[in-house]
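Okay, model.tsv is below, TSV, C-alpha atoms and all ligand atoms:
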chain	number	residue	atom	x	y	z
M	1	MET	CA	-1.60	-18.94	8.10
M	2	ILE	CA	-2.37	-19.64	4.46
M	3	TYR	CA	-1.27	-16.70	2.34
M	4	LEU	CA	-3.23	-16.43	-0.91
M	5	ASP	CA	-2.77	-12.73	-1.58
M	6	ASN	CA	0.40	-12.71	-3.65
M	7	ALA	CA	-0.94	-10.05	-6.02
M	8	ALA	CA	-1.01	-7.63	-3.07
M	9	THR	CA	2.57	-8.46	-2.19
M	10	THR	CA	4.89	-11.43	-1.88
M	11	SER	CA	7.31	-12.64	0.78
M	12	VAL	CA	10.91	-11.65	0.15
M	13	TYR	CA	12.82	-14.84	-0.60
M	14	ASP	CA	15.74	-15.77	1.69
M	15	ASP	CA	18.27	-15.63	-1.15
M	16	VAL	CA	17.07	-12.12	-1.99
M	17	ILE	CA	17.54	-10.98	1.62
M	18	LYS	CA	20.99	-12.61	1.74
M	19	GLU	CA	22.02	-10.73	-1.38
M	20	MET	CA	20.74	-7.42	0.01
M	21	LEU	CA	22.25	-7.54	3.50
M	22	PRO	CA	25.88	-6.59	2.69
M	23	TYR	CA	24.61	-3.46	0.95
M	24	PHE	CA	23.23	-2.18	4.27
M	25	THR	CA	26.32	-2.88	6.32
M	26	MET	CA	29.43	-3.18	4.14
M	27	GLU	CA	28.79	-1.71	0.71
M	28	TYR	CA	26.80	1.26	1.90
M	29	ALA	CA	28.62	3.96	-0.08
M	30	ASN	CA	26.70	6.41	-2.22
M	31	PRO	CA	27.26	5.10	-5.76
M	32	SER	CA	27.62	8.66	-7.10
M	33	GLU	CA	30.89	9.15	-5.19
M	34	ILE	CA	34.12	8.79	-7.15
M	35	TYR	CA	36.28	7.18	-4.42
M	36	SER	CA	37.05	3.52	-4.85
M	37	TYR	CA	34.91	2.39	-1.89
M	38	ALA	CA	31.80	3.36	-3.90
M	39	THR	CA	32.73	0.85	-6.61
M	40	GLY	CA	31.06	-2.02	-4.70
M	41	ALA	CA	27.71	-0.26	-4.57
M	42	ARG	CA	27.96	0.64	-8.26
M	43	LYS	CA	28.88	-2.95	-9.17
M	44	GLY	CA	25.90	-4.30	-7.22
M	45	MET	CA	23.60	-1.89	-9.00
M	46	ASN	CA	25.01	-2.72	-12.44
M	47	MET	CA	24.69	-6.46	-11.82
M	48	ALA	CA	21.05	-6.05	-10.76
M	49	ARG	CA	20.31	-3.97	-13.84
M	50	LYS	CA	21.78	-6.74	-15.99
M	51	HIS	CA	19.74	-9.52	-14.32
M	52	ILE	CA	16.56	-7.51	-14.83
M	53	ALA	CA	17.41	-6.59	-18.42
M	54	ASP	CA	18.15	-10.28	-19.16
M	55	LEU	CA	14.78	-11.35	-17.76
M	56	ILE	CA	12.84	-9.09	-20.12
M	57	ASN	CA	15.27	-9.14	-23.08
M	58	ALA	CA	16.14	-5.47	-22.69
M	59	ASP	CA	19.45	-3.67	-22.75
M	60	SER	CA	20.77	-2.61	-19.33
M	61	THR	CA	20.73	1.01	-20.49
M	62	GLU	CA	16.95	0.80	-20.91
M	63	ILE	CA	16.25	0.05	-17.20
M	64	TYR	CA	15.62	3.00	-14.84
M	65	PHE	CA	15.09	2.27	-11.16
M	66	THR	CA	12.21	3.95	-9.32
M	67	SER	CA	10.48	3.72	-5.94
M	68	GLY	CA	7.86	1.25	-7.21
M	69	GLY	CA	5.18	0.54	-9.78
M	70	THR	CA	3.21	3.62	-8.81
M	71	GLU	CA	6.10	5.98	-9.57
M	72	SER	CA	6.88	4.15	-12.82
M	73	ASP	CA	3.28	4.48	-14.02
M	74	ASN	CA	3.17	8.15	-13.02
M	75	TRP	CA	6.43	8.77	-14.85
M	76	ALA	CA	5.31	7.01	-18.03
M	77	LEU	CA	2.00	8.89	-18.19
M	78	LYS	CA	3.07	12.34	-17.01
M	79	GLY	CA	6.50	12.14	-18.61
M	80	THR	CA	4.91	11.40	-21.99
M	81	ALA	CA	2.33	14.16	-21.53
M	82	TYR	CA	5.14	16.61	-20.77
M	83	THR	CA	7.48	15.43	-23.53
M	84	LEU	CA	4.88	15.30	-26.30
M	85	ARG	CA	2.69	18.23	-25.21
M	86	GLY	CA	3.35	19.93	-28.51
M	87	ASN	CA	2.07	16.91	-30.47
M	88	GLY	CA	-1.35	16.46	-28.89
M	89	LYS	CA	-3.29	15.99	-25.72
M	90	HIS	CA	-5.10	12.69	-26.19
M	91	ILE	CA	-4.27	9.54	-24.24
M	92	ILE	CA	-5.86	6.11	-24.59
M	93	THR	CA	-6.03	3.67	-21.72
M	94	SER	CA	-8.31	0.87	-20.53
M	95	ALA	CA	-11.16	0.80	-18.04
M	96	ILE	CA	-9.39	-1.78	-15.86
M	97	GLU	CA	-6.02	-0.13	-15.21
M	98	HIS	CA	-4.48	0.17	-11.76
M	99	HIS	CA	-5.18	3.45	-9.97
M	100	ALA	CA	-1.56	4.50	-10.55
M	101	VAL	CA	-2.51	4.80	-14.23
M	102	THR	CA	-6.16	5.88	-13.98
M	103	ASN	CA	-5.49	8.57	-11.37
M	104	SER	CA	-2.50	9.88	-13.34
M	105	CYS	CA	-4.91	10.14	-16.29
M	106	ARG	CA	-7.48	11.93	-14.11
M	107	GLN	CA	-4.82	14.43	-13.04
M	108	LEU	CA	-3.81	15.01	-16.65
M	109	GLU	CA	-7.48	15.52	-17.54
M	110	LYS	CA	-7.51	18.49	-15.17
M	111	LEU	CA	-4.58	19.94	-17.13
M	112	GLY	CA	-6.52	19.76	-20.38
M	113	TYR	CA	-5.61	16.29	-21.61
M	114	GLU	CA	-8.40	14.14	-23.02
M	115	ILE	CA	-8.50	10.51	-21.93
M	116	THR	CA	-10.29	7.65	-23.68
M	117	PHE	CA	-10.97	4.72	-21.35
M	118	LEU	CA	-11.43	1.66	-23.55
M	119	PRO	CA	-13.96	-0.95	-22.43
M	120	VAL	CA	-13.08	-4.61	-21.97
M	121	GLY	CA	-15.14	-7.61	-23.04
M	122	THR	CA	-16.83	-9.86	-20.48
M	123	ASN	CA	-13.56	-11.83	-20.61
M	124	GLY	CA	-11.70	-8.82	-19.17
M	125	ILE	CA	-9.65	-8.22	-22.30
M	126	VAL	CA	-9.25	-5.10	-24.44
M	127	ASP	CA	-10.12	-5.55	-28.11
M	128	PRO	CA	-7.22	-4.17	-30.21
M	129	ALA	CA	-9.81	-3.03	-32.80
M	130	HIS	CA	-11.07	-0.56	-30.19
M	131	VAL	CA	-7.56	0.87	-29.92
M	132	ARG	CA	-7.44	1.36	-33.68
M	133	ARG	CA	-10.77	3.16	-33.64
M	134	ALA	CA	-9.81	5.37	-30.69
M	135	ILE	CA	-6.53	6.70	-32.11
M	136	ARG	CA	-6.76	10.29	-33.33
M	137	ASN	CA	-4.31	12.67	-34.91
M	138	ASP	CA	-3.62	14.20	-31.49
M	139	THR	CA	-3.13	10.87	-29.64
M	140	ILE	CA	0.25	10.75	-27.93
M	141	LEU	CA	0.06	7.59	-25.82
M	142	VAL	CA	-1.68	4.25	-25.43
M	143	SER	CA	-1.29	2.76	-21.95
M	144	VAL	CA	-2.75	-0.73	-21.52
M	145	MET	CA	-1.63	-3.01	-18.72
M	146	MET	CA	-0.02	-6.35	-19.46
M	147	ALA	CA	-1.93	-8.24	-16.78
M	148	ASN	CA	-4.71	-7.11	-14.51
M	149	ASN	CA	-4.20	-7.08	-10.75
M	150	GLU	CA	-7.75	-8.07	-9.80
M	151	ILE	CA	-8.81	-10.64	-12.38
M	152	GLY	CA	-5.41	-11.62	-13.81
M	153	THR	CA	-6.34	-11.24	-17.47
M	154	ILE	CA	-3.46	-10.85	-19.93
M	155	GLN	CA	-3.87	-8.15	-22.55
M	156	PRO	CA	-2.84	-8.38	-26.23
M	157	VAL	CA	-0.09	-5.80	-25.77
M	158	SER	CA	2.00	-6.62	-28.86
M	159	GLU	CA	-1.07	-6.32	-31.11
M	160	ILE	CA	-1.95	-3.01	-29.48
M	161	THR	CA	1.62	-1.78	-29.96
M	162	ALA	CA	1.62	-2.67	-33.63
M	163	ILE	CA	-1.59	-0.65	-34.15
M	164	ALA	CA	-0.35	2.36	-32.15
M	165	HIS	CA	3.02	2.42	-33.90
M	166	GLU	CA	1.34	2.55	-37.33
M	167	ARG	CA	0.23	6.00	-36.17
M	168	ASN	CA	3.51	6.88	-34.39
M	169	VAL	CA	1.85	6.74	-30.98
M	170	TRP	CA	3.93	5.70	-27.96
M	171	VAL	CA	2.87	2.66	-25.93
M	172	HIS	CA	3.28	2.06	-22.22
M	173	THR	CA	2.34	-1.12	-20.42
M	174	ASP	CA	1.97	-1.60	-16.69
M	175	ALA	CA	3.59	-5.00	-16.21
M	176	VAL	CA	3.64	-4.86	-12.41
M	177	GLN	CA	1.58	-8.05	-12.10
M	178	ALA	CA	3.09	-9.74	-15.13
M	179	PHE	CA	6.78	-9.27	-14.23
M	180	GLY	CA	8.10	-12.48	-12.68
M	181	ASN	CA	4.89	-14.39	-13.42
M	182	ILE	CA	4.85	-14.71	-17.19
M	183	ASP	CA	7.47	-14.30	-19.91
M	184	ILE	CA	8.11	-10.73	-20.92
M	185	ASP	CA	10.14	-9.92	-24.00
M	186	VAL	CA	10.24	-6.18	-24.60
M	187	LYS	CA	11.57	-6.71	-28.12
M	188	LYS	CA	8.56	-8.83	-29.06
M	189	LEU	CA	6.11	-6.56	-27.25
M	190	ASN	CA	7.87	-3.60	-28.86
M	191	VAL	CA	6.51	-1.27	-26.17
M	192	ASP	CA	8.14	2.09	-25.56
M	193	MET	CA	7.79	1.95	-21.78
M	194	LEU	CA	7.05	-0.79	-19.25
M	195	SER	CA	6.55	-0.59	-15.47
M	196	ALA	CA	7.45	-3.27	-12.96
M	197	SER	CA	7.71	-3.58	-9.19
M	198	ALA	CA	9.97	-5.77	-7.03
M	199	HIS	CA	7.56	-6.64	-4.23
M	200	LYS	CA	5.23	-8.53	-6.56
M	201	CYS	CA	7.94	-11.06	-7.39
M	202	HIS	CA	9.59	-11.86	-4.05
M	203	GLY	CA	11.75	-8.74	-3.98
M	204	PRO	CA	11.62	-5.80	-1.56
M	205	LYS	CA	8.88	-3.18	-1.31
M	206	GLY	CA	9.47	0.39	-2.46
M	207	MET	CA	11.48	-0.72	-5.49
M	208	GLY	CA	10.40	-0.49	-9.10
M	209	LEU	CA	11.58	0.20	-12.58
M	210	LEU	CA	10.58	1.86	-15.78
M	211	TYR	CA	11.89	0.30	-18.97
M	212	VAL	CA	12.31	3.02	-21.58
M	213	LYS	CA	13.20	1.79	-25.06
M	214	ASN	CA	16.45	3.23	-26.37
M	215	GLY	CA	15.63	6.14	-28.64
M	216	VAL	CA	12.44	7.11	-26.78
M	217	LYS	CA	13.09	10.62	-25.53
M	218	LEU	CA	11.01	10.57	-22.35
M	219	SER	CA	11.30	13.58	-20.00
M	220	HIS	CA	12.04	12.98	-16.35
M	221	ILE	CA	9.45	13.97	-13.73
M	222	MET	CA	11.74	13.77	-10.71
M	223	SER	CA	14.03	16.80	-10.64
M	224	GLY	CA	17.28	16.82	-8.71
M	225	GLY	CA	20.64	15.12	-9.18
M	226	LYS	CA	21.93	13.25	-12.20
M	227	GLN	CA	21.25	9.71	-11.00
M	228	GLU	CA	19.96	7.11	-13.46
M	229	ARG	CA	21.65	8.96	-16.33
M	230	ALA	CA	19.82	12.16	-15.32
M	231	MET	CA	16.46	10.47	-15.89
M	232	ARG	CA	15.42	9.79	-12.28
M	233	ALA	CA	16.90	11.97	-9.57
M	234	GLY	CA	17.45	10.74	-6.01
M	235	THR	CA	20.09	8.63	-4.27
M	236	GLU	CA	19.68	5.07	-5.45
M	237	ASN	CA	18.18	2.47	-3.09
M	238	ILE	CA	21.10	0.09	-3.53
M	239	PRO	CA	19.90	-2.76	-1.25
M	240	GLY	CA	16.48	-2.56	-2.92
M	241	ILE	CA	17.99	-2.55	-6.39
M	242	VAL	CA	20.24	-5.51	-5.56
M	243	GLY	CA	17.23	-7.39	-4.13
M	244	PHE	CA	15.18	-6.66	-7.24
M	245	GLY	CA	18.04	-7.96	-9.40
M	246	LYS	CA	18.34	-11.16	-7.36
M	247	ALA	CA	14.58	-11.72	-7.53
M	248	ALA	CA	14.76	-11.35	-11.33
M	249	GLN	CA	17.67	-13.80	-11.51
M	250	ILE	CA	15.86	-16.44	-9.40
M	251	CYS	CA	12.69	-15.88	-11.38
M	252	LYS	CA	14.54	-16.63	-14.62
M	253	GLU	CA	16.26	-19.71	-13.19
M	254	LYS	CA	12.96	-21.06	-11.82
M	255	ASP	CA	11.02	-20.37	-15.01
M	256	ASN	CA	8.82	-17.58	-13.69
M	257	TYR	CA	8.88	-18.95	-10.16
M	258	ASN	CA	7.56	-22.37	-11.20
M	259	SER	CA	4.64	-20.98	-13.17
M	260	GLU	CA	3.65	-24.44	-14.40
M	261	TYR	CA	3.18	-25.67	-10.83
M	262	ILE	CA	1.27	-22.50	-9.90
M	263	THR	CA	-1.02	-22.92	-12.94
M	264	LYS	CA	-1.82	-26.50	-11.85
M	265	LEU	CA	-2.76	-25.32	-8.35
M	266	ARG	CA	-4.89	-22.54	-9.84
M	267	ASN	CA	-6.76	-24.91	-12.17
M	268	HIS	CA	-7.33	-27.37	-9.34
M	269	PHE	CA	-8.72	-24.54	-7.19
M	270	ILE	CA	-11.04	-23.30	-9.94
M	271	LYS	CA	-12.28	-26.80	-10.75
M	272	ARG	CA	-13.06	-27.72	-7.16
M	273	VAL	CA	-14.87	-24.46	-6.38
M	274	THR	CA	-16.94	-24.40	-9.55
M	275	ASP	CA	-17.78	-28.14	-9.18
M	276	GLU	CA	-18.58	-28.06	-5.49
M	277	ILE	CA	-20.19	-24.65	-4.90
M	278	GLU	CA	-23.24	-23.51	-6.82
M	279	ASN	CA	-23.87	-20.08	-8.29
M	280	VAL	CA	-20.27	-18.95	-8.53
M	281	ILE	CA	-18.46	-17.51	-11.54
M	282	VAL	CA	-14.78	-17.09	-12.40
M	283	ASN	CA	-14.02	-13.54	-13.50
M	284	GLY	CA	-12.06	-13.02	-16.69
M	285	SER	CA	-10.69	-15.32	-19.36
M	286	ILE	CA	-9.53	-18.70	-18.08
M	287	ASP	CA	-6.83	-19.14	-20.75
M	288	LYS	CA	-5.42	-15.65	-20.94
M	289	ARG	CA	-4.80	-15.14	-17.26
M	290	LEU	CA	-1.87	-15.03	-14.86
M	291	PRO	CA	-0.80	-18.44	-13.54
M	292	GLY	CA	-1.67	-17.66	-9.92
M	293	ASN	CA	-4.83	-15.57	-10.23
M	294	VAL	CA	-8.26	-16.84	-9.20
M	295	SER	CA	-11.13	-14.34	-8.99
M	296	PHE	CA	-14.51	-15.72	-7.94
M	297	SER	CA	-17.85	-13.97	-7.62
M	298	PHE	CA	-20.39	-15.73	-5.39
M	299	ALA	CA	-24.04	-14.88	-6.06
M	300	CYS	CA	-25.85	-12.85	-3.38
M	301	LEU	CA	-22.90	-12.62	-1.01
M	302	ASP	CA	-20.63	-9.85	0.12
M	303	GLY	CA	-16.96	-10.38	-0.77
M	304	GLU	CA	-15.79	-8.65	2.38
M	305	MET	CA	-17.88	-10.96	4.57
M	306	ILE	CA	-16.27	-13.98	2.89
M	307	GLN	CA	-12.85	-12.41	3.32
M	308	ILE	CA	-13.43	-11.83	7.05
M	309	GLN	CA	-14.71	-15.38	7.59
M	310	LEU	CA	-11.71	-16.80	5.73
M	311	ASP	CA	-9.43	-14.64	7.83
M	312	MET	CA	-10.93	-16.24	10.94
M	313	LYS	CA	-9.80	-19.57	9.53
M	314	GLY	CA	-6.28	-18.24	8.92
M	315	ILE	CA	-6.62	-17.63	5.18
M	316	CYS	CA	-5.46	-14.34	3.62
M	317	CYS	CA	-7.22	-13.31	0.41
M	318	SER	CA	-8.57	-10.08	-0.97
M	319	THR	CA	-11.75	-8.61	-2.39
M	320	GLY	CA	-9.93	-6.65	-5.07
M	321	SER	CA	-6.64	-4.82	-5.24
M	322	ALA	CA	-4.81	-4.00	-2.00
M	323	CYS	CA	-5.11	-0.31	-2.84
M	324	ASN	CA	-8.92	-0.64	-2.71
M	325	ALA	CA	-8.95	-2.58	0.55
M	326	GLY	CA	-11.44	-1.21	3.01
M	327	SER	CA	-13.54	0.54	0.37
M	328	SER	CA	-16.83	-1.26	-0.05
M	329	GLY	CA	-18.74	-1.61	-3.30
M	330	ILE	CA	-17.76	-2.92	-6.69
M	331	SER	CA	-14.29	-2.15	-7.99
M	332	HIS	CA	-13.93	-0.39	-11.34
M	333	VAL	CA	-12.49	-3.63	-12.74
M	334	ILE	CA	-15.45	-5.81	-11.75
M	335	ALA	CA	-17.83	-3.05	-12.92
M	336	ALA	CA	-16.11	-3.06	-16.34
M	337	LEU	CA	-16.88	-6.77	-16.78
M	338	HIS	CA	-20.63	-6.12	-16.60
M	339	ILE	CA	-21.29	-9.29	-14.62
M	340	PRO	CA	-24.78	-9.58	-13.09
M	341	GLU	CA	-25.19	-7.41	-10.00
M	342	GLU	CA	-26.10	-10.44	-7.83
M	343	TYR	CA	-22.54	-11.66	-8.40
M	344	ALA	CA	-20.52	-8.45	-8.50
M	345	TYR	CA	-20.59	-7.74	-4.75
M	346	GLY	CA	-19.53	-11.27	-3.89
M	347	THR	CA	-16.08	-11.03	-5.45
M	348	VAL	CA	-13.04	-12.57	-3.78
M	349	ARG	CA	-9.51	-12.74	-5.21
M	350	PHE	CA	-6.99	-15.47	-4.39
M	351	THR	CA	-3.45	-15.21	-5.74
M	352	ILE	CA	-1.13	-18.19	-5.51
M	353	CYS	CA	2.68	-18.41	-5.49
M	354	ASP	CA	5.07	-21.35	-5.60
M	355	SER	CA	5.28	-21.66	-1.82
M	356	ASN	CA	1.58	-22.57	-1.68
M	357	THR	CA	0.63	-26.24	-1.61
M	358	CYS	CA	-2.27	-28.36	-2.84
M	359	GLU	CA	-3.20	-29.06	0.81
M	360	GLU	CA	-3.57	-25.32	1.38
M	361	ILE	CA	-5.82	-25.00	-1.65
M	362	ASP	CA	-7.95	-27.95	-0.51
M	363	TYR	CA	-8.24	-26.50	2.99
M	364	THR	CA	-9.33	-23.19	1.45
M	365	VAL	CA	-11.96	-24.92	-0.74
M	366	GLU	CA	-13.41	-26.69	2.31
M	367	ALA	CA	-13.44	-23.40	4.24
M	368	LEU	CA	-15.14	-21.63	1.32
M	369	LYS	CA	-17.81	-24.35	1.05
M	370	GLU	CA	-18.63	-24.00	4.73
M	371	ILE	CA	-18.61	-20.19	4.72
M	372	VAL	CA	-20.65	-19.79	1.54
M	373	LYS	CA	-23.25	-22.27	2.82
M	374	LYS	CA	-23.46	-20.56	6.22
M	375	LEU	CA	-23.81	-17.06	4.76
M	376	ARG	CA	-26.33	-18.15	2.14
M	377	ASP	CA	-28.43	-20.05	4.67
M	378	MET	CA	-28.80	-16.74	6.51
M	379	SER	CA	-29.47	-14.73	3.35
M	380	ALA	CA	-33.05	-13.88	2.37
M	381	ARG	CA	-31.59	-12.40	-0.81
M	382	TYR	CA	-30.13	-15.74	-1.83
M	383	LYS	CA	-33.42	-17.54	-1.19
M	384	ALA	CA	-35.28	-15.04	-3.38
M	385	TYR	CA	-32.57	-15.36	-6.06
M	386	LYS	CA	-32.85	-19.15	-6.12
M	387	GLY	CA	-36.62	-18.82	-6.35
M	388	ARG	CA	-36.20	-16.56	-9.38
M	389	LEU	CA	-33.75	-18.99	-10.98
M	390	LYS	CA	-36.31	-21.83	-10.59
M	391	MET	CA	-39.02	-19.74	-12.26
M	392	ARG	CA	-36.84	-19.06	-15.33
D	1	LIG	N1	0.19	-1.50	-11.15
D	1	LIG	C1	-0.40	-2.66	-10.83
D	1	LIG	C2	-1.05	-3.47	-11.89
D	1	LIG	C3	-0.38	-3.11	-9.51
D	1	LIG	O1	-0.97	-4.26	-9.19
D	1	LIG	C4	0.27	-2.32	-8.53
D	1	LIG	C5	0.24	-2.71	-7.11
D	1	LIG	O2	-0.64	-3.42	-6.66
D	1	LIG	C6	0.88	-1.12	-8.93
D	1	LIG	C7	0.81	-0.74	-10.25
D	1	LIG	C8	1.60	-0.25	-7.95
D	1	LIG	O3	2.85	-0.83	-7.63
D	1	LIG	P1	3.60	-0.45	-6.27
D	1	LIG	O4	2.86	-1.13	-5.17
D	1	LIG	O5	4.99	-0.99	-6.46
D	1	LIG	O6	3.59	1.03	-6.17
Show me the file's structure as C-alpha cells.
Amino acid sequence: MIYLDNAATTSVYDDVIKEMLPYFTMEYANPSEIYSYATGARKGMNMARKHIADLINADSTEIYFTSGGTESDNWALKGTAYTLRGNGKHIITSAIEHHAVTNSCRQLEKLGYEITFLPVGTNGIVDPAHVRRAIRNDTILVSVMMANNEIGTIQPVSEITAIAHERNVWVHTDAVQAFGNIDIDVKKLNVDMLSASAHKCHGPKGMGLLYVKNGVKLSHIMSGGKQERAMRAGTENIPGIVGFGKAAQICKEKDNYNSEYITKLRNHFIKRVTDEIENVIVNGSIDKRLPGNVSFSFACLDGEMIQIQLDMKGICCSTGSACNAGSSGISHVIAALHIPEEYAYGTVRFTICDSNTCEEIDYTVEALKEIVKKLRDMSARYKAYKGRLKMR
C-alpha cells in the first residue's frame, strides 16, 4: 500500500505509542484525584502540555486539551459568540474553511448571528484587504484557517490579525493542517485562539487542543467538572494527551517532520505530473502551500473514478477532505477557486509525509498516467474538449 492521504490522518509513530502505553496500564489514575498515585498521570499531562506549548511558542497555561480539531473549532466559534454576545453578532470567516468552522457558523446564523464568508483568489488565499473591508462595529470574531485541508494553501494570518486587532476584534485560526507541518509561533501570529489536532501529526485520534491567549476571556462550552482550569469539562484523555505531547516533541526535533524532504517529494510529484500529463492544473498557490499537499484537477475526468482506479493499484488518496468522502460533486473549496468546470470535477488530493519515498511518488505518477489515459480514451467529453481547445 502507498499511503498518500496524510491530510485525512497520519499513522501514529512508534515512539508516540511507546510513550502512551504506560498511561493505559500503569499510570491510569484520574488526574483530578488528590492521592499520590494520581501524580504520575498529572505529570504526564503537564509534560505534554509543555512540549506542545514549546512547539508553538505558547505558555503551558494557554493550552486546553479537547477531543479533536472539530471540538476546538466549535469551542472557538460558539464560545466567542457566547462570551461577546453583548458586543455584536457579526463573524467573519473564509469560503474555504473546514466544516467544523463553516457548520458552527451556520448554526450561529440560526441563532441570529450574521456571517460574512470572505472569498479567496484563484490562488486559494484570502486577501487581508477583504478582511479590513468586512469588519463592522458589531464584528466580534475573524476566523481564518492557517492552512487549507484540501488545497494546502497557507493564509496570511498575522496580517489578518493585525487588521482585526486594530478594531479590537478577536481572531481564531484553525491550524489543524498546519500544526506539525509548518512553523507556528503564536506570539508572531498574535491570534487569540488556535485549534490543532493530534492525528494530523502522527499522534492519536480523538485528541485536540485549543490555544487561548492569556487574557482572552473565552467562555467554556462544555459544562461539567473543573478540568482544564474549569475551561473544558470532562475527565482528561491522559494517554491521548501524552501521545499528542510526544508527537509535538518529535515534530520539533525533526524540524516539522522533515518538511524539507517532504517539500522536495511534493515538487518532484508536481513537476512530473504537469510535465507528463496534459490538461491538468495544480490547485492553489505553489509557494504558499503546505509541504506535503498536492491537489490536481484533471480536465474532463471524475476525481472519484481516478481515486478508485488508484485504489486498485494500492494507492490511497482523496478527492477532497475526508469529511466529504462519499459525497459527489465539487467541494466548497474547489468551488471557491472558480477553476473551469471541465477541471473542477476531476480533483484529486495527495498528501505526503516523511515516511513516503521518491519510488512511491514515481509509482503513483506512472499509475496516474495510465489511468488518466485510459479514462480519457473512453471519454467523449474529453474528445469534444480537445476539439474545442484546437479551435481556440
Ligand atoms: N480543521 C481542519 C482544517 C481539518 O482538516 C480537520 C480534519 O480533517 C478538522 C478541522 C477536524 O479535526 P478532527 O478530525 O481532529 O476533528
So which residues touch Met305 in chain M within 10 Å, counting all atoms listed in the file, skipping near sequence neighbours fewer than 2 positions away, as a short mmCIF file (atom, residue, chain, number, x, y, z; two decimals) with C-alpha atoms, in the frame of the given file?
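Produced file part_10.cif, reproduced below:
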data_model
loop_
_atom_site.label_atom_id
_atom_site.label_comp_id
_atom_site.auth_asym_id
_atom_site.auth_seq_id
_atom_site.Cartn_x
_atom_site.Cartn_y
_atom_site.Cartn_z
CA LEU M 301 -22.90 -12.62 -1.01
CA ASP M 302 -20.63 -9.85 0.12
CA GLY M 303 -16.96 -10.38 -0.77
CA GLN M 307 -12.85 -12.41 3.32
CA ILE M 308 -13.43 -11.83 7.05
CA GLN M 309 -14.71 -15.38 7.59
CA LEU M 310 -11.71 -16.80 5.73
CA ASP M 311 -9.43 -14.64 7.83
CA THR M 319 -11.75 -8.61 -2.39
CA GLY M 346 -19.53 -11.27 -3.89
CA VAL M 348 -13.04 -12.57 -3.78
CA ILE M 371 -18.61 -20.19 4.72
CA VAL M 372 -20.65 -19.79 1.54
CA LEU M 375 -23.81 -17.06 4.76
#
Within 8 Å of range 266-279 of chain M, counting all atoms listed in the file, which residues qualify if same-chain residues fewer than 6 places away don't, as an MDAnalysis selection string?
chainID M and resid 291:294 298:299 352 361:362 365 369
Pick the closest to Thr153 in chain M from M:Met378, M:Ile56, M:Cys317, M:Leu290: which is it, counting only C-alpha atoms?
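Using only C-alpha atoms, Thr153 in chain M sits closest to M:Leu290.
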Between M:Ala175, M:Val280, M:Val12, M:Ala164, single out the one closest to Gly68 in chain M, counting all atoms listed in the file.
M:Ala175
Quick one: residues within 8 Å of ligand LIG 1 (chain D), with all atoms listed in the file, as an MDAnalysis selection string?
chainID M and resid 7:9 67:71 73 97:101 145 147:150 174:177 195:200 205:208 321:323
So which residues touch range 16-28 of chain M within 10 Å, counting all atoms listed in the file, skipping near sequence neighbours fewer than 5 positions away, as a list in words?
Tyr37, Ala38, Thr39, Gly40, Ala41, Arg42, Lys43, Gly44, His202, Gly203, Pro204, Asn237, Ile238, Pro239, Gly240, Ile241, Val242, Gly243, Phe244, Gly245, Lys246, Ala247, Ala248, Gln249 and Ile250 of chain M
I need the residue nearest Glu33 in chain M from this list: M:Thr351, M:Asn74, M:Ser285, M:Gln227. Use all atoms listed in the file for the distance.
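For Glu33 in chain M, the nearest of the candidates is M:Gln227.
If you look at CA of Ala134 in chain M and CA of Pro340 in chain M, they are 27.5 Å away from each other.
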Just to confirm, what's the straight-line distance from CA of Ala344 in chain M to CA of Thr93 in chain M in Å (one decimal)?
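Between CA of Ala344 in chain M and CA of Thr93 in chain M the gap is 23.1 Å.
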Which is closest to Ile262 in chain M among M:Arg232, M:Tyr343, M:Ile334, M:Ile182, if we use all atoms listed in the file?
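Selected residue with least distance to Ile262 in chain M: M:Ile182.
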If you measure from CA of Ser60 in chain M to CA of Leu141 in chain M, what distance in Å do you get, rounded to one decimal?
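We find that CA of Ser60 in chain M and CA of Leu141 in chain M lie 24.0 Å from each other.
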Counting only C-alpha atoms, what is within 9 Å of range 110-120 of chain M, bar same-chain residues fewer than 4 positions away, as a PyMOL selection string?
chain M and resi 81+88-96+102+105-106+124-127+130-131+134+336-337
Which of these, M:Asn258, M:Asn46, M:Thr235, M:Thr173, has the shortest distance to Ala29 in chain M once you count all atoms listed in the file?
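Ranking M:Asn258, M:Asn46, M:Thr235, M:Thr173 by distance to Ala29 in chain M, first place goes to M:Thr235.
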Around the point (4.1, 10.7, -25.2) (coordinates from the file), which residues reach within 7 Å if we count all atoms listed in the file? Answer as a list in words.
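Applying the cut-off with all atoms listed in the file, one gets Thr80, Ala81, Thr83, Leu84, Ile140, Leu141 and Trp170 of chain M.
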Please list as a list in words every residue within 8 Å of Asp183 in chain M, counting only C-alpha atoms and excluding residues in the same chain fewer than 4 positions away.
Ile56, Ala178, Phe179 and Asn256 of chain M
For Gln155 in chain M, the nearest of the candidates M:Leu389, M:Pro128, M:Val212, M:Gly329, counting all atoms listed in the file:
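Of M:Leu389, M:Pro128, M:Val212, M:Gly329, the one nearest Gln155 in chain M, counting all atoms listed in the file, is M:Pro128.
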